[in-house]
$ cat final_31.tsv   # TSV, C-alpha atoms
chain	number	residue	atom	x	y	z
A	1	ALA	CA	-18.18	23.18	9.46
A	2	PRO	CA	-20.53	20.28	8.53
A	3	PHE	CA	-20.93	21.22	4.86
A	4	PRO	CA	-17.87	19.31	3.53
A	5	PHE	CA	-19.05	16.19	5.35
A	6	ILE	CA	-22.57	16.55	3.94
A	7	ALA	CA	-21.17	17.15	0.44
A	8	ASN	CA	-18.97	14.07	0.76
A	9	LEU	CA	-21.86	11.84	1.79
A	10	ALA	CA	-24.16	13.28	-0.87
A	11	GLY	CA	-21.50	12.71	-3.54
A	12	TRP	CA	-20.98	9.15	-2.39
A	13	PHE	CA	-24.72	8.48	-2.43
A	14	VAL	CA	-25.14	9.91	-5.94
A	15	ALA	CA	-22.11	7.98	-7.24
A	16	GLU	CA	-23.34	4.69	-5.82
A	17	THR	CA	-26.87	5.24	-7.09
A	18	GLY	CA	-25.56	6.08	-10.55
A	19	ARG	CA	-23.18	3.14	-10.55
A	20	GLN	CA	-25.91	0.56	-10.09
A	21	PRO	CA	-29.04	1.95	-11.76
A	22	TRP	CA	-30.32	-1.50	-12.67
A	23	LEU	CA	-30.43	-2.52	-9.03
A	24	VAL	CA	-32.07	0.75	-8.02
A	25	TYR	CA	-34.82	0.62	-10.61
A	26	GLY	CA	-35.62	-3.07	-10.21
A	27	LEU	CA	-34.26	-4.29	-13.57
A	28	LEU	CA	-31.73	-6.58	-11.90
A	29	ARG	CA	-32.27	-8.53	-8.71
A	30	THR	CA	-29.89	-7.67	-5.87
A	31	GLU	CA	-28.83	-11.29	-5.53
A	32	ASN	CA	-27.57	-11.19	-9.13
A	33	GLY	CA	-25.81	-7.84	-8.74
A	34	TYR	CA	-22.96	-8.77	-6.41
A	35	SER	CA	-19.43	-9.57	-7.53
A	36	ALA	CA	-18.33	-13.17	-7.16
A	37	ASN	CA	-14.69	-12.00	-7.11
A	38	VAL	CA	-15.05	-9.98	-3.91
A	39	SER	CA	-15.34	-12.01	-0.72
A	40	ALA	CA	-17.17	-10.97	2.42
A	41	SER	CA	-13.84	-10.63	4.26
A	42	ASN	CA	-12.58	-8.20	1.58
A	43	GLY	CA	-15.73	-6.13	1.99
A	44	LEU	CA	-15.39	-6.17	5.78
A	45	PHE	CA	-11.70	-5.21	5.58
A	46	THR	CA	-12.53	-2.25	3.32
A	47	LEU	CA	-15.41	-1.16	5.54
A	48	LEU	CA	-13.25	-1.28	8.67
A	49	GLY	CA	-10.49	0.59	6.86
A	50	PHE	CA	-12.81	3.42	5.86
A	51	MET	CA	-14.33	3.51	9.34
A	52	GLY	CA	-10.86	3.76	10.86
A	53	LEU	CA	-9.82	6.49	8.45
A	54	TYR	CA	-12.97	8.51	9.18
A	55	ALA	CA	-12.45	7.99	12.93
A	56	LEU	CA	-8.88	9.32	12.71
A	57	LEU	CA	-9.95	12.27	10.60
A	58	SER	CA	-12.79	13.04	13.03
A	59	LEU	CA	-10.40	12.96	16.00
A	60	PHE	CA	-7.94	15.21	14.18
A	61	TYR	CA	-10.75	17.62	13.29
A	62	ALA	CA	-11.99	17.69	16.90
A	63	PHE	CA	-8.43	18.32	18.13
A	64	LEU	CA	-7.92	21.22	15.71
A	65	MET	CA	-11.30	22.77	16.52
A	66	GLN	CA	-10.67	22.50	20.27
A	67	ARG	CA	-7.25	24.12	19.86
A	68	GLU	CA	-8.67	27.00	17.83
A	69	LEU	CA	-11.52	27.57	20.25
A	70	ALA	CA	-9.15	27.51	23.24
A	71	GLN	CA	-6.98	30.22	21.66
A	72	GLY	CA	-9.91	32.53	21.08
A	73	PRO	CA	-9.83	35.55	18.79
A	74	THR	CA	-6.47	37.22	18.26
A	75	GLN	CA	-5.66	40.75	19.35
A	76	HIS	CA	-4.75	41.66	15.78
A	77	ALA	CA	-8.28	40.95	14.54
A	78	ALA	CA	-9.82	42.82	17.47
A	79	SER	CA	-7.73	45.97	16.80
A	80	HIS	CA	-9.24	46.34	13.32
A	81	ASP	CA	-12.72	46.69	14.75
A	82	HIS	CA	-12.00	50.26	15.94
A	83	ALA	CA	-9.88	51.53	13.06
A	84	PRO	CA	-10.19	55.29	12.51
A	85	ALA	CA	-12.20	56.44	9.53
A	86	VAL	CA	-10.34	57.96	6.59
A	87	THR	CA	-11.14	61.64	6.32
A	88	GLY	CA	-10.94	63.56	3.06
A	89	GLY	CA	-8.11	65.20	1.20
A	90	GLN	CA	-4.89	63.57	2.33
A	91	TYR	CA	-3.82	60.04	1.56

$ encode --input "final_31.tsv" --output "structure tokens"
Amino acid sequence: APFPFIANLAGWFVAETGRQPWLVYGLLRTENGYSANVSASNGLFTLLGFMGLYALLSLFYAFLMQRELAQGPTQHAASHDHAPAVTGGQY
């Protein structure tokens, strides 16, 4: 269950590191690497939007997992555990 989340975060980390290699490797100072066209309020709005989206998705995921766990295994799946073995000759 946690693997998609881990893959998402790892992909984001790799993308951001690759997007700004000059900042990462010290060739460009961080103070010179920001965009003058993006205000702090735009950054905050985007951050809060992503946080809200992830919160909604997390709640939806928790709801679905709780519903599945409350239902338990189905009878159909349990009946296949004791299926008779096929014996030779006739099909």

$ atom_distance --input "final_31.tsv" --atom1 "atom CA of A:Leu53" --atom2 "atom CA of A:Gly72"
28.9 Å

$ axis_aligned_box --input "final_31.tsv" --around "stretch 60-68 of chain A" --padding-each-side "4 Å" --output "AutoDock Vina command-line options"
--center_x -9.6 --center_y 21.1 --center_z 16.8 --size_x 12.7 --size_y 19.8 --size_z 15.0

$ atom_distance --input "final_31.tsv" --atom1 "atom CA of A:Pro2" --atom2 "atom CA of A:Met65"
12.5 Å

$ atom_distance --input "final_31.tsv" --atom1 "atom CA of A:Ala62" --atom2 "atom CA of A:Ala1"
11.1 Å

$ build_atoms --input "final_31.tsv" --residues "stretch 16-48 of chain A" --atoms "N, CA and C atoms" --output "PDB file, in the frame of the given file"
ATOM      1  N   GLU A  16     -22.916   6.072  -5.972  1.00  0.00           N
ATOM      2  CA  GLU A  16     -23.340   4.690  -5.820  1.00  0.00           C
ATOM      3  C   GLU A  16     -24.687   4.431  -6.493  1.00  0.00           C
ATOM      4  N   THR A  17     -25.576   5.399  -6.429  1.00  0.00           N
ATOM      5  CA  THR A  17     -26.870   5.240  -7.090  1.00  0.00           C
ATOM      6  C   THR A  17     -26.699   5.209  -8.602  1.00  0.00           C
ATOM      7  N   GLY A  18     -25.813   6.060  -9.118  1.00  0.00           N
ATOM      8  CA  GLY A  18     -25.560   6.080 -10.550  1.00  0.00           C
ATOM      9  C   GLY A  18     -24.774   4.885 -11.042  1.00  0.00           C
ATOM     10  N   ARG A  19     -24.003   4.282 -10.162  1.00  0.00           N
ATOM     11  CA  ARG A  19     -23.180   3.140 -10.550  1.00  0.00           C
ATOM     12  C   ARG A  19     -24.011   1.882 -10.728  1.00  0.00           C
ATOM     13  N   GLN A  20     -25.104   1.768 -10.028  1.00  0.00           N
ATOM     14  CA  GLN A  20     -25.910   0.560 -10.090  1.00  0.00           C
ATOM     15  C   GLN A  20     -27.376   0.897 -10.387  1.00  0.00           C
ATOM     16  N   PRO A  21     -27.651   1.553 -11.496  1.00  0.00           N
ATOM     17  CA  PRO A  21     -29.040   1.950 -11.760  1.00  0.00           C
ATOM     18  C   PRO A  21     -29.979   0.764 -11.961  1.00  0.00           C
ATOM     19  N   TRP A  22     -29.440  -0.356 -12.434  1.00  0.00           N
ATOM     20  CA  TRP A  22     -30.320  -1.500 -12.670  1.00  0.00           C
ATOM     21  C   TRP A  22     -30.819  -2.054 -11.355  1.00  0.00           C
ATOM     22  N   LEU A  23     -29.983  -2.054 -10.336  1.00  0.00           N
ATOM     23  CA  LEU A  23     -30.430  -2.520  -9.030  1.00  0.00           C
ATOM     24  C   LEU A  23     -31.432  -1.553  -8.416  1.00  0.00           C
ATOM     25  N   VAL A  24     -31.202  -0.259  -8.617  1.00  0.00           N
ATOM     26  CA  VAL A  24     -32.070   0.750  -8.020  1.00  0.00           C
ATOM     27  C   VAL A  24     -33.463   0.711  -8.641  1.00  0.00           C
ATOM     28  N   TYR A  25     -33.523   0.543  -9.925  1.00  0.00           N
ATOM     29  CA  TYR A  25     -34.820   0.620 -10.610  1.00  0.00           C
ATOM     30  C   TYR A  25     -35.492  -0.730 -10.804  1.00  0.00           C
ATOM     31  N   GLY A  26     -34.941  -1.782 -10.195  1.00  0.00           N
ATOM     32  CA  GLY A  26     -35.620  -3.070 -10.210  1.00  0.00           C
ATOM     33  C   GLY A  26     -35.437  -3.883 -11.488  1.00  0.00           C
ATOM     34  N   LEU A  27     -34.485  -3.528 -12.340  1.00  0.00           N
ATOM     35  CA  LEU A  27     -34.260  -4.290 -13.570  1.00  0.00           C
ATOM     36  C   LEU A  27     -33.367  -5.492 -13.330  1.00  0.00           C
ATOM     37  N   LEU A  28     -32.627  -5.478 -12.243  1.00  0.00           N
ATOM     38  CA  LEU A  28     -31.730  -6.580 -11.900  1.00  0.00           C
ATOM     39  C   LEU A  28     -31.928  -6.886 -10.432  1.00  0.00           C
ATOM     40  N   ARG A  29     -32.078  -8.153 -10.114  1.00  0.00           N
ATOM     41  CA  ARG A  29     -32.270  -8.530  -8.710  1.00  0.00           C
ATOM     42  C   ARG A  29     -30.958  -8.326  -7.948  1.00  0.00           C
ATOM     43  N   THR A  30     -31.059  -7.930  -6.697  1.00  0.00           N
ATOM     44  CA  THR A  30     -29.890  -7.670  -5.870  1.00  0.00           C
ATOM     45  C   THR A  30     -29.006  -8.903  -5.750  1.00  0.00           C
ATOM     46  N   GLU A  31     -29.610 -10.060  -5.661  1.00  0.00           N
ATOM     47  CA  GLU A  31     -28.830 -11.290  -5.530  1.00  0.00           C
ATOM     48  C   GLU A  31     -27.973 -11.571  -6.758  1.00  0.00           C
ATOM     49  N   ASN A  32     -28.347 -11.015  -7.900  1.00  0.00           N
ATOM     50  CA  ASN A  32     -27.570 -11.190  -9.130  1.00  0.00           C
ATOM     51  C   ASN A  32     -26.595 -10.037  -9.370  1.00  0.00           C
ATOM     52  N   GLY A  33     -26.620  -9.027  -8.516  1.00  0.00           N
ATOM     53  CA  GLY A  33     -25.810  -7.840  -8.740  1.00  0.00           C
ATOM     54  C   GLY A  33     -24.505  -7.799  -7.981  1.00  0.00           C
ATOM     55  N   TYR A  34     -24.213  -8.798  -7.176  1.00  0.00           N
ATOM     56  CA  TYR A  34     -22.960  -8.770  -6.410  1.00  0.00           C
ATOM     57  C   TYR A  34     -21.827  -9.371  -7.236  1.00  0.00           C
ATOM     58  N   SER A  35     -20.607  -9.061  -6.836  1.00  0.00           N
ATOM     59  CA  SER A  35     -19.430  -9.570  -7.530  1.00  0.00           C
ATOM     60  C   SER A  35     -18.992 -10.878  -6.878  1.00  0.00           C
ATOM     61  N   ALA A  36     -18.807 -11.893  -7.681  1.00  0.00           N
ATOM     62  CA  ALA A  36     -18.330 -13.170  -7.160  1.00  0.00           C
ATOM     63  C   ALA A  36     -16.839 -13.125  -6.838  1.00  0.00           C
ATOM     64  N   ASN A  37     -16.135 -12.115  -7.327  1.00  0.00           N
ATOM     65  CA  ASN A  37     -14.690 -12.000  -7.110  1.00  0.00           C
ATOM     66  C   ASN A  37     -14.341 -11.305  -5.798  1.00  0.00           C
ATOM     67  N   VAL A  38     -15.312 -10.683  -5.155  1.00  0.00           N
ATOM     68  CA  VAL A  38     -15.050  -9.980  -3.910  1.00  0.00           C
ATOM     69  C   VAL A  38     -15.683 -10.772  -2.770  1.00  0.00           C
ATOM     70  N   SER A  39     -14.830 -11.202  -1.838  1.00  0.00           N
ATOM     71  CA  SER A  39     -15.340 -12.010  -0.720  1.00  0.00           C
ATOM     72  C   SER A  39     -15.892 -11.109   0.377  1.00  0.00           C
ATOM     73  N   ALA A  40     -16.608 -11.718   1.284  1.00  0.00           N
ATOM     74  CA  ALA A  40     -17.170 -10.970   2.420  1.00  0.00           C
ATOM     75  C   ALA A  40     -16.046 -10.401   3.292  1.00  0.00           C
ATOM     76  N   SER A  41     -14.951 -11.128   3.441  1.00  0.00           N
ATOM     77  CA  SER A  41     -13.840 -10.630   4.260  1.00  0.00           C
ATOM     78  C   SER A  41     -13.186  -9.412   3.603  1.00  0.00           C
ATOM     79  N   ASN A  42     -13.105  -9.380   2.261  1.00  0.00           N
ATOM     80  CA  ASN A  42     -12.580  -8.200   1.580  1.00  0.00           C
ATOM     81  C   ASN A  42     -13.488  -6.993   1.811  1.00  0.00           C
ATOM     82  N   GLY A  43     -14.779  -7.207   1.736  1.00  0.00           N
ATOM     83  CA  GLY A  43     -15.730  -6.130   1.990  1.00  0.00           C
ATOM     84  C   GLY A  43     -15.635  -5.627   3.422  1.00  0.00           C
ATOM     85  N   LEU A  44     -15.503  -6.543   4.371  1.00  0.00           N
ATOM     86  CA  LEU A  44     -15.390  -6.170   5.780  1.00  0.00           C
ATOM     87  C   LEU A  44     -14.081  -5.407   6.027  1.00  0.00           C
ATOM     88  N   PHE A  45     -12.992  -5.884   5.435  1.00  0.00           N
ATOM     89  CA  PHE A  45     -11.700  -5.210   5.580  1.00  0.00           C
ATOM     90  C   PHE A  45     -11.773  -3.776   5.055  1.00  0.00           C
ATOM     91  N   THR A  46     -12.386  -3.586   3.901  1.00  0.00           N
ATOM     92  CA  THR A  46     -12.530  -2.250   3.320  1.00  0.00           C
ATOM     93  C   THR A  46     -13.407  -1.370   4.196  1.00  0.00           C
ATOM     94  N   LEU A  47     -14.514  -1.918   4.668  1.00  0.00           N
ATOM     95  CA  LEU A  47     -15.410  -1.160   5.540  1.00  0.00           C
ATOM     96  C   LEU A  47     -14.701  -0.718   6.814  1.00  0.00           C
ATOM     97  N   LEU A  48     -13.976  -1.626   7.446  1.00  0.00           N
ATOM     98  CA  LEU A  48     -13.250  -1.280   8.670  1.00  0.00           C
ATOM     99  C   LEU A  48     -12.146  -0.270   8.388  1.00  0.00           C
TER     100      LEU A  48
END
